[in-house]
$ cat input_6.pdb   # PDB, C-alpha atoms and all ligand atoms
ATOM      1  CA  ILE A   1      12.831 110.828  72.014  1.00  0.00           C
ATOM      2  CA  ALA A   2      10.100 113.098  70.699  1.00  0.00           C
ATOM      3  CA  ALA A   3      12.452 114.288  67.958  1.00  0.00           C
ATOM      4  CA  ALA A   4      13.491 110.738  67.109  1.00  0.00           C
ATOM      5  CA  LEU A   5       9.821 109.947  66.630  1.00  0.00           C
ATOM      6  CA  GLY A   6       9.468 113.097  64.546  1.00  0.00           C
ATOM      7  CA  ASN A   7       7.150 114.775  67.015  1.00  0.00           C
ATOM      8  CA  GLY A   8       9.246 117.704  68.255  1.00  0.00           C
ATOM      9  CA  PRO A   9       7.632 121.167  68.378  1.00  0.00           C
ATOM     10  CA  LEU A  10       9.743 122.293  65.400  1.00  0.00           C
ATOM     11  CA  ARG A  11       8.691 119.400  63.201  1.00  0.00           C
ATOM     12  CA  GLY A  12       7.799 120.738  59.752  1.00  0.00           C
ATOM     13  CA  ARG A  13       9.858 123.898  60.302  1.00  0.00           C
ATOM     14  CA  ARG A  14      12.750 124.822  58.047  1.00  0.00           C
ATOM     15  CA  ILE A  15      15.449 126.857  59.775  1.00  0.00           C
ATOM     16  CA  VAL A  16      18.647 128.285  58.328  1.00  0.00           C
ATOM     17  CA  VAL A  17      21.608 128.615  60.699  1.00  0.00           C
ATOM     18  CA  THR A  18      24.931 130.282  59.880  1.00  0.00           C
ATOM     19  CA  SER A  19      27.933 129.295  61.959  1.00  0.00           C
ATOM     20  CA  GLY A  20      31.691 129.540  62.283  1.00  0.00           C
ATOM     21  CA  PRO A  21      34.078 132.117  60.899  1.00  0.00           C
ATOM     22  CA  THR A  22      34.549 133.015  57.268  1.00  0.00           C
ATOM     23  CA  HIS A  23      37.983 133.027  55.674  1.00  0.00           C
ATOM     24  CA  GLU A  24      38.733 135.793  53.224  1.00  0.00           C
ATOM     25  CA  PRO A  25      41.788 135.001  51.129  1.00  0.00           C
ATOM     26  CA  ILE A  26      44.622 137.515  50.889  1.00  0.00           C
ATOM     27  CA  ASP A  27      46.710 135.273  48.674  1.00  0.00           C
ATOM     28  CA  PRO A  28      46.914 131.474  48.301  1.00  0.00           C
ATOM     29  CA  VAL A  29      48.504 131.067  51.750  1.00  0.00           C
ATOM     30  CA  ARG A  30      46.956 133.822  53.888  1.00  0.00           C
ATOM     31  CA  TYR A  31      43.507 134.917  54.958  1.00  0.00           C
ATOM     32  CA  ILE A  32      41.497 137.322  57.133  1.00  0.00           C
ATOM     33  CA  ALA A  33      39.240 135.717  59.726  1.00  0.00           C
ATOM     34  CA  ASN A  34      37.472 136.204  63.041  1.00  0.00           C
ATOM     35  CA  ARG A  35      38.169 134.107  66.104  1.00  0.00           C
ATOM     36  CA  SER A  36      35.266 131.672  66.195  1.00  0.00           C
ATOM     37  CA  SER A  37      35.269 128.010  67.108  1.00  0.00           C
ATOM     38  CA  GLY A  38      31.765 127.514  65.729  1.00  0.00           C
ATOM     39  CA  ALA A  39      30.744 125.878  69.019  1.00  0.00           C
ATOM     40  CA  GLN A  40      27.719 128.087  69.703  1.00  0.00           C
ATOM     41  CA  GLY A  41      26.410 127.732  66.151  1.00  0.00           C
ATOM     42  CA  ALA A  42      26.863 123.952  66.194  1.00  0.00           C
ATOM     43  CA  ALA A  43      25.007 123.738  69.504  1.00  0.00           C
ATOM     44  CA  ILE A  44      22.144 125.793  68.049  1.00  0.00           C
ATOM     45  CA  GLY A  45      21.931 123.576  64.982  1.00  0.00           C
ATOM     46  CA  ALA A  46      21.835 120.493  67.204  1.00  0.00           C
ATOM     47  CA  ALA A  47      19.201 121.932  69.544  1.00  0.00           C
ATOM     48  CA  LEU A  48      16.895 122.933  66.678  1.00  0.00           C
ATOM     49  CA  ALA A  49      17.270 119.507  65.065  1.00  0.00           C
ATOM     50  CA  ALA A  50      16.553 117.858  68.419  1.00  0.00           C
ATOM     51  CA  LEU A  51      13.211 119.679  68.466  1.00  0.00           C
ATOM     52  CA  GLY A  52      12.426 118.302  65.034  1.00  0.00           C
ATOM     53  CA  ALA A  53      13.418 121.203  62.729  1.00  0.00           C
ATOM     54  CA  GLU A  54      14.859 120.732  59.271  1.00  0.00           C
ATOM     55  CA  VAL A  55      18.109 122.666  59.728  1.00  0.00           C
ATOM     56  CA  ILE A  56      20.172 124.023  56.846  1.00  0.00           C
ATOM     57  CA  PHE A  57      23.510 124.597  58.526  1.00  0.00           C
ATOM     58  CA  VAL A  58      25.684 126.986  56.532  1.00  0.00           C
ATOM     59  CA  THR A  59      29.116 126.867  58.086  1.00  0.00           C
ATOM     60  CA  GLY A  60      32.470 128.468  57.521  1.00  0.00           C
ATOM     61  CA  PRO A  61      35.688 126.643  58.442  1.00  0.00           C
ATOM     62  CA  ALA A  62      34.941 126.005  62.131  1.00  0.00           C
ATOM     63  CA  GLU A  63      37.027 124.077  64.661  1.00  0.00           C
ATOM     64  CA  VAL A  64      34.002 122.209  65.954  1.00  0.00           C
ATOM     65  CA  PRO A  65      32.415 119.674  63.581  1.00  0.00           C
ATOM     66  CA  PRO A  66      28.850 120.324  62.424  1.00  0.00           C
ATOM     67  CA  PRO A  67      26.148 118.566  64.451  1.00  0.00           C
ATOM     68  CA  ALA A  68      24.417 115.396  63.348  1.00  0.00           C
ATOM     69  CA  GLY A  69      20.936 115.636  61.930  1.00  0.00           C
ATOM     70  CA  VAL A  70      21.375 118.844  59.932  1.00  0.00           C
ATOM     71  CA  GLU A  71      21.946 119.543  56.249  1.00  0.00           C
ATOM     72  CA  VAL A  72      25.505 120.917  56.113  1.00  0.00           C
ATOM     73  CA  VAL A  73      26.518 123.492  53.516  1.00  0.00           C
ATOM     74  CA  ALA A  74      30.247 124.160  53.904  1.00  0.00           C
ATOM     75  CA  VAL A  75      31.594 127.513  52.707  1.00  0.00           C
ATOM     76  CA  ASP A  76      34.778 129.538  53.101  1.00  0.00           C
ATOM     77  CA  THR A  77      34.066 133.176  52.348  1.00  0.00           C
ATOM     78  CA  ALA A  78      31.303 135.608  53.255  1.00  0.00           C
ATOM     79  CA  ALA A  79      30.330 135.783  49.593  1.00  0.00           C
ATOM     80  CA  GLU A  80      29.863 132.007  49.542  1.00  0.00           C
ATOM     81  CA  MET A  81      27.945 132.101  52.822  1.00  0.00           C
ATOM     82  CA  ARG A  82      25.653 134.773  51.424  1.00  0.00           C
ATOM     83  CA  ALA A  83      24.934 132.743  48.285  1.00  0.00           C
ATOM     84  CA  ALA A  84      24.279 129.583  50.328  1.00  0.00           C
ATOM     85  CA  VAL A  85      21.879 131.393  52.660  1.00  0.00           C
ATOM     86  CA  HIS A  86      19.888 132.870  49.791  1.00  0.00           C
ATOM     87  CA  GLU A  87      19.818 129.446  48.154  1.00  0.00           C
ATOM     88  CA  ALA A  88      18.435 127.927  51.382  1.00  0.00           C
ATOM     89  CA  LEU A  89      15.527 130.416  51.608  1.00  0.00           C
ATOM     90  CA  PRO A  90      12.582 130.538  52.027  1.00  0.00           C
ATOM     91  CA  ALA A  91      12.570 129.290  55.606  1.00  0.00           C
ATOM     92  CA  ASP A  92      10.495 129.735  58.742  1.00  0.00           C
ATOM     93  CA  ALA A  93      13.391 131.193  60.712  1.00  0.00           C
ATOM     94  CA  ALA A  94      17.037 132.132  60.248  1.00  0.00           C
ATOM     95  CA  ILE A  95      19.651 132.311  62.971  1.00  0.00           C
ATOM     96  CA  PHE A  96      22.893 134.086  62.170  1.00  0.00           C
ATOM     97  CA  ALA A  97      25.517 132.724  64.537  1.00  0.00           C
ATOM     98  CA  ALA A  98      28.434 133.081  62.124  1.00  0.00           C
ATOM     99  CA  ALA A  99      31.331 135.417  62.857  1.00  0.00           C
ATOM    100  CA  VAL A 100      31.501 136.814  59.341  1.00  0.00           C
ATOM    101  CA  ALA A 101      34.671 138.680  58.413  1.00  0.00           C
ATOM    102  CA  ASP A 102      33.731 142.311  57.928  1.00  0.00           C
ATOM    103  CA  TRP A 103      36.309 142.943  55.226  1.00  0.00           C
ATOM    104  CA  ARG A 104      37.841 141.157  52.298  1.00  0.00           C
ATOM    105  CA  MET A 105      40.614 142.014  49.878  1.00  0.00           C
ATOM    106  CA  LYS A 106      39.497 144.245  47.024  1.00  0.00           C
ATOM    107  CA  THR A 107      41.457 141.863  44.855  1.00  0.00           C
ATOM    108  CA  ALA A 108      42.808 138.673  46.374  1.00  0.00           C
ATOM    109  CA  ARG A 109      46.239 137.962  44.925  1.00  0.00           C
ATOM    110  CA  ALA A 110      46.654 134.924  42.716  1.00  0.00           C
ATOM    111  CA  GLU A 111      50.277 134.395  43.763  1.00  0.00           C
ATOM    112  CA  LYS A 112      51.843 134.409  47.184  1.00  0.00           C
ATOM    113  CA  ILE A 113      52.825 137.929  48.193  1.00  0.00           C
ATOM    114  CA  LYS A 114      56.594 138.089  48.660  1.00  0.00           C
ATOM    115  CA  LYS A 115      58.493 140.356  50.994  1.00  0.00           C
ATOM    116  CA  THR A 116      60.318 143.030  49.054  1.00  0.00           C
ATOM    117  CA  PRO A 117      62.749 145.731  50.079  1.00  0.00           C
ATOM    118  CA  ASP A 118      60.346 148.294  48.530  1.00  0.00           C
ATOM    119  CA  GLY A 119      57.975 148.302  51.488  1.00  0.00           C
ATOM    120  CA  LEU A 120      54.696 146.800  52.629  1.00  0.00           C
ATOM    121  CA  PRO A 121      52.146 145.093  50.375  1.00  0.00           C
ATOM    122  CA  ASP A 122      48.984 146.842  49.277  1.00  0.00           C
ATOM    123  CA  LEU A 123      46.201 145.163  51.255  1.00  0.00           C
ATOM    124  CA  ALA A 124      43.321 147.361  50.143  1.00  0.00           C
ATOM    125  CA  LEU A 125      40.077 146.050  51.639  1.00  0.00           C
ATOM    126  CA  GLU A 126      36.389 146.355  50.886  1.00  0.00           C
ATOM    127  CA  GLU A 127      33.418 145.589  53.109  1.00  0.00           C
ATOM    128  CA  ASN A 128      31.678 142.235  52.903  1.00  0.00           C
ATOM    129  CA  PRO A 129      27.920 142.171  52.346  1.00  0.00           C
ATOM    130  CA  ASP A 130      25.920 142.059  55.587  1.00  0.00           C
ATOM    131  CA  ILE A 131      24.088 138.762  55.126  1.00  0.00           C
ATOM    132  CA  LEU A 132      21.777 139.216  58.103  1.00  0.00           C
ATOM    133  CA  ALA A 133      20.748 142.768  57.189  1.00  0.00           C
ATOM    134  CA  GLU A 134      20.165 141.739  53.604  1.00  0.00           C
ATOM    135  CA  VAL A 135      17.976 138.759  54.510  1.00  0.00           C
ATOM    136  CA  ALA A 136      16.043 140.801  57.080  1.00  0.00           C
ATOM    137  CA  ALA A 137      15.224 143.418  54.428  1.00  0.00           C
ATOM    138  CA  GLY A 138      14.775 141.001  51.553  1.00  0.00           C
ATOM    139  CA  PRO A 139      11.769 139.480  49.790  1.00  0.00           C
ATOM    140  CA  ASP A 140      12.406 136.024  51.296  1.00  0.00           C
ATOM    141  CA  ARG A 141      12.565 137.285  54.880  1.00  0.00           C
ATOM    142  CA  PRO A 142      11.775 134.450  57.298  1.00  0.00           C
ATOM    143  CA  GLY A 143       9.117 135.228  59.904  1.00  0.00           C
ATOM    144  CA  LEU A 144      11.761 135.093  62.621  1.00  0.00           C
ATOM    145  CA  VAL A 145      15.259 136.501  62.085  1.00  0.00           C
ATOM    146  CA  VAL A 146      17.783 136.162  64.908  1.00  0.00           C
ATOM    147  CA  GLY A 147      21.240 137.702  65.019  1.00  0.00           C
ATOM    148  CA  PHE A 148      24.148 137.694  67.425  1.00  0.00           C
ATOM    149  CA  ALA A 149      26.082 140.724  68.550  1.00  0.00           C
ATOM    150  CA  ALA A 150      29.581 140.129  69.803  1.00  0.00           C
ATOM    151  CA  GLU A 151      30.582 143.213  71.730  1.00  0.00           C
ATOM    152  CA  THR A 152      33.462 144.141  74.004  1.00  0.00           C
ATOM    153  CA  GLU A 153      31.868 147.231  75.584  1.00  0.00           C
ATOM    154  CA  ASN A 154      28.404 148.820  76.101  1.00  0.00           C
ATOM    155  CA  VAL A 155      27.004 145.403  75.255  1.00  0.00           C
ATOM    156  CA  VAL A 156      23.263 146.010  75.591  1.00  0.00           C
ATOM    157  CA  GLU A 157      23.301 149.509  74.070  1.00  0.00           C
ATOM    158  CA  ASN A 158      25.386 148.426  71.113  1.00  0.00           C
ATOM    159  CA  ALA A 159      23.322 145.303  70.546  1.00  0.00           C
ATOM    160  CA  THR A 160      20.022 147.168  70.809  1.00  0.00           C
ATOM    161  CA  ALA A 161      21.233 149.625  68.180  1.00  0.00           C
ATOM    162  CA  LYS A 162      22.444 146.716  66.047  1.00  0.00           C
ATOM    163  CA  ARG A 163      19.038 145.032  66.228  1.00  0.00           C
ATOM    164  CA  ALA A 164      17.359 148.185  64.904  1.00  0.00           C
ATOM    165  CA  ARG A 165      19.993 148.818  62.257  1.00  0.00           C
ATOM    166  CA  LYS A 166      19.890 145.276  60.911  1.00  0.00           C
ATOM    167  CA  GLY A 167      16.132 144.852  61.101  1.00  0.00           C
ATOM    168  CA  CYS A 168      16.200 141.514  62.908  1.00  0.00           C
ATOM    169  CA  ASP A 169      13.604 140.357  65.422  1.00  0.00           C
ATOM    170  CA  TRP A 170      15.946 139.166  68.139  1.00  0.00           C
ATOM    171  CA  ILE A 171      19.582 139.707  68.953  1.00  0.00           C
ATOM    172  CA  LEU A 172      21.596 137.555  71.310  1.00  0.00           C
ATOM    173  CA  ALA A 173      24.229 139.881  72.659  1.00  0.00           C
ATOM    174  CA  ASN A 174      27.385 138.558  74.208  1.00  0.00           C
ATOM    175  CA  ASP A 175      30.289 140.174  75.899  1.00  0.00           C
ATOM    176  CA  VAL A 176      33.408 138.843  74.233  1.00  0.00           C
ATOM    177  CA  SER A 177      35.949 140.977  76.055  1.00  0.00           C
ATOM    178  CA  PRO A 178      38.984 138.807  76.859  1.00  0.00           C
ATOM    179  CA  ALA A 179      38.332 138.998  80.617  1.00  0.00           C
ATOM    180  CA  THR A 180      35.053 137.048  80.276  1.00  0.00           C
ATOM    181  CA  GLY A 181      36.874 134.038  78.782  1.00  0.00           C
ATOM    182  CA  ILE A 182      33.864 133.446  76.530  1.00  0.00           C
ATOM    183  CA  MET A 183      35.682 133.434  73.196  1.00  0.00           C
ATOM    184  CA  GLY A 184      36.827 129.859  72.704  1.00  0.00           C
ATOM    185  CA  GLY A 185      35.353 128.758  76.054  1.00  0.00           C
ATOM    186  CA  ARG A 186      32.592 126.343  77.023  1.00  0.00           C
ATOM    187  CA  ASP A 187      30.189 128.869  78.536  1.00  0.00           C
ATOM    188  CA  ASN A 188      28.331 131.811  77.170  1.00  0.00           C
ATOM    189  CA  ALA A 189      26.619 134.739  78.868  1.00  0.00           C
ATOM    190  CA  VAL A 190      24.019 136.274  76.586  1.00  0.00           C
ATOM    191  CA  THR A 191      21.330 138.904  76.728  1.00  0.00           C
ATOM    192  CA  LEU A 192      18.314 138.316  74.528  1.00  0.00           C
ATOM    193  CA  ILE A 193      17.090 141.557  72.988  1.00  0.00           C
ATOM    194  CA  THR A 194      13.605 141.622  71.501  1.00  0.00           C
ATOM    195  CA  ASP A 195      11.007 144.319  70.868  1.00  0.00           C
ATOM    196  CA  GLU A 196      10.119 143.923  74.525  1.00  0.00           C
ATOM    197  CA  GLY A 197      13.557 144.838  75.806  1.00  0.00           C
ATOM    198  CA  ALA A 198      16.636 143.092  77.143  1.00  0.00           C
ATOM    199  CA  GLU A 199      16.569 139.816  79.067  1.00  0.00           C
ATOM    200  CA  ALA A 200      19.877 138.750  80.615  1.00  0.00           C
ATOM    201  CA  TRP A 201      20.333 134.990  80.785  1.00  0.00           C
ATOM    202  CA  GLU A 202      22.540 133.599  83.508  1.00  0.00           C
ATOM    203  CA  ARG A 203      25.936 132.343  82.392  1.00  0.00           C
ATOM    204  CA  MET A 204      25.556 128.759  81.174  1.00  0.00           C
ATOM    205  CA  GLY A 205      27.072 126.233  78.788  1.00  0.00           C
ATOM    206  CA  LYS A 206      26.779 126.917  75.049  1.00  0.00           C
ATOM    207  CA  ASP A 207      24.583 123.815  74.766  1.00  0.00           C
ATOM    208  CA  ALA A 208      22.193 125.216  77.379  1.00  0.00           C
ATOM    209  CA  VAL A 209      22.066 128.586  75.580  1.00  0.00           C
ATOM    210  CA  ALA A 210      21.253 126.712  72.393  1.00  0.00           C
ATOM    211  CA  ARG A 211      18.471 124.654  73.999  1.00  0.00           C
ATOM    212  CA  ARG A 212      16.905 127.721  75.550  1.00  0.00           C
ATOM    213  CA  LEU A 213      17.041 129.566  72.257  1.00  0.00           C
ATOM    214  CA  ALA A 214      15.544 126.595  70.382  1.00  0.00           C
ATOM    215  CA  GLU A 215      12.667 126.457  72.864  1.00  0.00           C
ATOM    216  CA  ARG A 216      12.051 130.182  72.418  1.00  0.00           C
ATOM    217  CA  VAL A 217      12.073 129.764  68.650  1.00  0.00           C
ATOM    218  CA  ALA A 218       9.562 126.911  68.917  1.00  0.00           C
ATOM    219  CA  ARG A 219       7.308 129.040  71.123  1.00  0.00           C
ATOM    220  CA  ALA A 220       7.557 132.039  68.787  1.00  0.00           C
ATOM    221  CA  LEU A 221       6.785 130.012  65.661  1.00  0.00           C
ATOM    222  CA  GLY A 222       3.940 128.139  67.326  1.00  0.00           C
ATOM    223  CA  PRO A 223       2.357 124.974  65.984  1.00  0.00           C
ATOM    224  CA  VAL A 224       2.698 124.304  62.237  1.00  0.00           C
ATOM    225  CA  GLY A 225      -0.409 125.378  60.384  1.00  0.00           C
ATOM    226  CA  ALA A 226      -1.666 127.512  63.255  1.00  0.00           C
TER     227      ALA A 226
HETATM  228  N1  LIG B 301      26.561 139.319  60.089  1.00  0.00           N
HETATM  229  C1  LIG B 301      26.283 138.879  58.808  1.00  0.00           C
HETATM  230  N2  LIG B 301      27.057 139.308  57.761  1.00  0.00           N
HETATM  231  C2  LIG B 301      28.078 140.153  57.960  1.00  0.00           C
HETATM  232  C3  LIG B 301      28.391 140.604  59.269  1.00  0.00           C
HETATM  233  C4  LIG B 301      27.615 140.171  60.324  1.00  0.00           C
HETATM  234  O1  LIG B 301      25.333 138.104  58.614  1.00  0.00           O
HETATM  235  N3  LIG B 301      28.813 140.563  56.917  1.00  0.00           N
HETATM  236  C5  LIG B 301      25.702 138.887  61.203  1.00  0.00           C
HETATM  237  C6  LIG B 301      26.401 138.028  62.243  1.00  0.00           C
HETATM  238  O2  LIG B 301      26.259 136.652  61.933  1.00  0.00           O
HETATM  239  C7  LIG B 301      25.651 138.392  63.517  1.00  0.00           C
HETATM  240  C8  LIG B 301      25.259 139.834  63.290  1.00  0.00           C
HETATM  241  O3  LIG B 301      25.300 140.043  61.887  1.00  0.00           O
HETATM  242  O4  LIG B 301      24.466 137.662  63.670  1.00  0.00           O
HETATM  243  C9  LIG B 301      26.088 140.842  63.989  1.00  0.00           C
HETATM  244  O5  LIG B 301      27.434 140.685  63.682  1.00  0.00           O
HETATM  245  P1  LIG B 301      28.478 141.711  64.284  1.00  0.00           P
HETATM  246  O6  LIG B 301      29.833 141.419  63.766  1.00  0.00           O
HETATM  247  O7  LIG B 301      28.278 141.770  65.776  1.00  0.00           O
HETATM  248  O8  LIG B 301      27.902 143.089  63.687  1.00  0.00           O
HETATM  249  P2  LIG B 301      28.435 144.070  62.586  1.00  0.00           P
HETATM  250  O9  LIG B 301      27.227 144.662  61.917  1.00  0.00           O
HETATM  251  O10 LIG B 301      29.428 143.443  61.678  1.00  0.00           O
HETATM  252  O11 LIG B 301      29.075 145.242  63.441  1.00  0.00           O
HETATM  253  P3  LIG B 301      30.543 145.404  64.116  1.00  0.00           P
HETATM  254  O12 LIG B 301      31.341 144.153  63.821  1.00  0.00           O
HETATM  255  O13 LIG B 301      31.096 146.629  63.494  1.00  0.00           O
HETATM  256  O14 LIG B 301      30.238 145.553  65.591  1.00  0.00           O
HETATM  257 CA    CA B 302      31.292 142.363  62.407  1.00  0.00          CA
END

$ encode --input "input_6.pdb" --output "structure tokens"
Amino acid sequence: IAAALGNGPLRGRRIVVTSGPTHEPIDPVRYIANRSSGAQGAAIGAALAALGAEVIFVTGPAEVPPPAGVEVVAVDTAAEMRAAVHEALPADAAIFAAAVADWRMKTARAEKIKKTPDGLPDLALEENPDILAEVAAGPDRPGLVVGFAAETENVVENATAKRARKGCDWILANDVSPATGIMGGRDNAVTLITDEGAEAWERMGKDAVARRLAERVARALGPVGA
């Protein structure tokens, strides 16, 4: 109700959220992608909007539709996501929930690659730009930069190192090993890593993770104009 009346604690705050996978074309019929339903990102967009934020929701081709109440910018590739994020800045905060493909074709093929008796196709790759690291180090850096770290082993150690390497303020680390059933599931089990250390949150629905994160963001940003 507070948000409907425009009185949420994030009222007057502009927040960029990335969500979903990216698709990197190989040829007109094939692509490289991560497994990502976009559910956690959509829940975060919704939770921030519910607290009154102006949310610029930059989303790759996700299974889950974008939430209501956000400004949707639909993209396919990491390069497009990067451009859309830079376009959306400056902002008070940025939350990088997207599962960006790490690699793309050096040269995507204009025609469908055909099987030939001569052997396998040349799928030479190059690395995609790291959108989070770039924004965190850039001139338009929001005051609060939040990343995710999907890990399958040594979750907290890897995510703590990732936080330092990428220069973000917070990392939400999650264990995506198949045994947890988190990838594609309803629940998430995250550890929030800040400059004060690691805080394990109990396993809960993705919506609950999103609400808790949105409340933390509101607390960190404080009242507008303060
Ligand atoms: N990210 C990004 N741009 C990329 C790759 C990742 O913005 N090209 C962001 C993700 O949205 C996430 C964070 O960086 O918030 C961490 O992504 P992750 O894939 O866990 O980290 P990487 O640095 O790509 O490391 P690796 O996949 O090798 O573990
Ligand atoms: Ca990655």

$ residues_near_ligand --input "input_6.pdb" --ligand "ligand CA 302 (chain B)" --cutoff "7 Å" --atoms "only C-alpha atoms and all ligand atoms" --output "list in words"
Ala99, Val100, Ala101 and Asp102 of chain A

$ closest_atom_pairs --input "input_6.pdb" --of "stretch 81-167 of chain A" --to "stretch 22-42 of chain A" --cutoff "6 Å" --atoms "all atoms listed in the file" --output "tab-separated table"
residue	atom	partner	partner_atom	distance
A:Ala97	CA	A:Gly41	CA	5.3
A:Val100	CA	A:Thr22	CA	5.3
A:Ala101	CA	A:Ala33	CA	5.6
A:Arg104	CA	A:Glu24	CA	5.5
A:Ala108	CA	A:Ile26	CA	5.0
A:Arg109	CA	A:Asp27	CA	4.6
A:Ala110	CA	A:Asp27	CA	6.0
A:Lys112	CA	A:Asp27	CA	5.4

$ write_last_selection --input "input_6.pdb" --atoms "C-alpha atoms" --output "compact mmCIF listing (two decimals), in the coordinates of the input"
# COMPACT_ATOMS: atom_id res chain seq x y z
CA ALA A 97 25.52 132.72 64.54
CA VAL A 100 31.50 136.81 59.34
CA ALA A 101 34.67 138.68 58.41
CA ARG A 104 37.84 141.16 52.30
CA ALA A 108 42.81 138.67 46.37
CA ARG A 109 46.24 137.96 44.92
CA ALA A 110 46.65 134.92 42.72
CA LYS A 112 51.84 134.41 47.18

$ residues_around --input "input_6.pdb" --residues "A:Ala189" --least-positions-apart "2" --cutoff "9 Å" --atoms "only C-alpha atoms" --output "list of chain:residue names"
A:Ala173, A:Asn174, A:Asp175, A:Thr180, A:Ile182, A:Asp187, A:Thr191, A:Ala200, A:Trp201, A:Glu202, A:Arg203, A:Met204, A:Gly205, A:Lys206, A:Val209

$ axis_aligned_box --input "input_6.pdb" --around "ligand LIG 301 (chain B)" --padding-each-side "8 Å" --output "lines of an AutoDock Vina configuration file"
center_x = 27.9
center_y = 141.6
center_z = 61.3
size_x = 22.9
size_y = 26.0
size_z = 24.9

$ residues_near_point --input "input_6.pdb" --point "(17.0, 124.6, 61.0)" --cutoff "6 Å" --atoms "all atoms listed in the file" --output "PyMOL selection string"
chain A and resi 14-16+48+53-56

$ atom_distance --input "input_6.pdb" --atom1 "atom CA of A:Leu213" --atom2 "atom CA of A:Gly143"
15.7 Å

$ resolve_selection --input "input_6.pdb" --expression "the PyMOL selection byres (((not hetatm)) within 9 of (chain B and resi 301))" --output "PyMOL selection string"
chain A and resi 18-20+78-79+81-82+95-103+127-135+146-151+158-159+162-163+165-166+171-173

$ closest_residue --input "input_6.pdb" --among "A:Ala136, A:Ala198, A:Val145, A:Ile193" --to "A:Asp169" --atoms "all atoms listed in the file"
A:Val145

$ closest_residue --input "input_6.pdb" --among "A:Ala214, A:Ala68, A:Asp195, A:Val176" --to "A:Ala94" --atoms "only C-alpha atoms"
A:Ala214

$ resolve_selection --input "input_6.pdb" --expression "the PyMOL selection byres (((chain A and resi 123) around 9) and not hetatm)" --output "list in words"
Ile26, Met105, Lys106, Thr107, Ala108, Leu120, Pro121, Asp122, Ala124 and Leu125 of chain A

$ atom_distance --input "input_6.pdb" --atom1 "atom CA of A:Val58" --atom2 "atom CA of A:Leu144"
17.2 Å

$ atom_distance --input "input_6.pdb" --atom1 "atom CA of A:Ala74" --atom2 "atom CA of A:Arg212"
25.7 Å

$ closest_residue --input "input_6.pdb" --among "A:Asp76, A:Asp92, A:Thr59, A:Val156" --to "A:Leu10" --atoms "only C-alpha atoms"
A:Asp92

$ closest_residue --input "input_6.pdb" --among "A:Val70, A:Cys168, A:Leu192, A:Val64" --to "A:Leu51" --atoms "only C-alpha atoms"
A:Val70

$ closest_residue --input "input_6.pdb" --among "A:Ile44, A:Val73, A:Val190, A:Ala220" --to "A:Gly60" --atoms "all atoms listed in the file"
A:Val73

$ closest_residue --input "input_6.pdb" --among "A:Ala46, A:Pro21, A:Met183, A:Ala218" --to "A:Ala62" --atoms "all atoms listed in the file"
A:Pro21
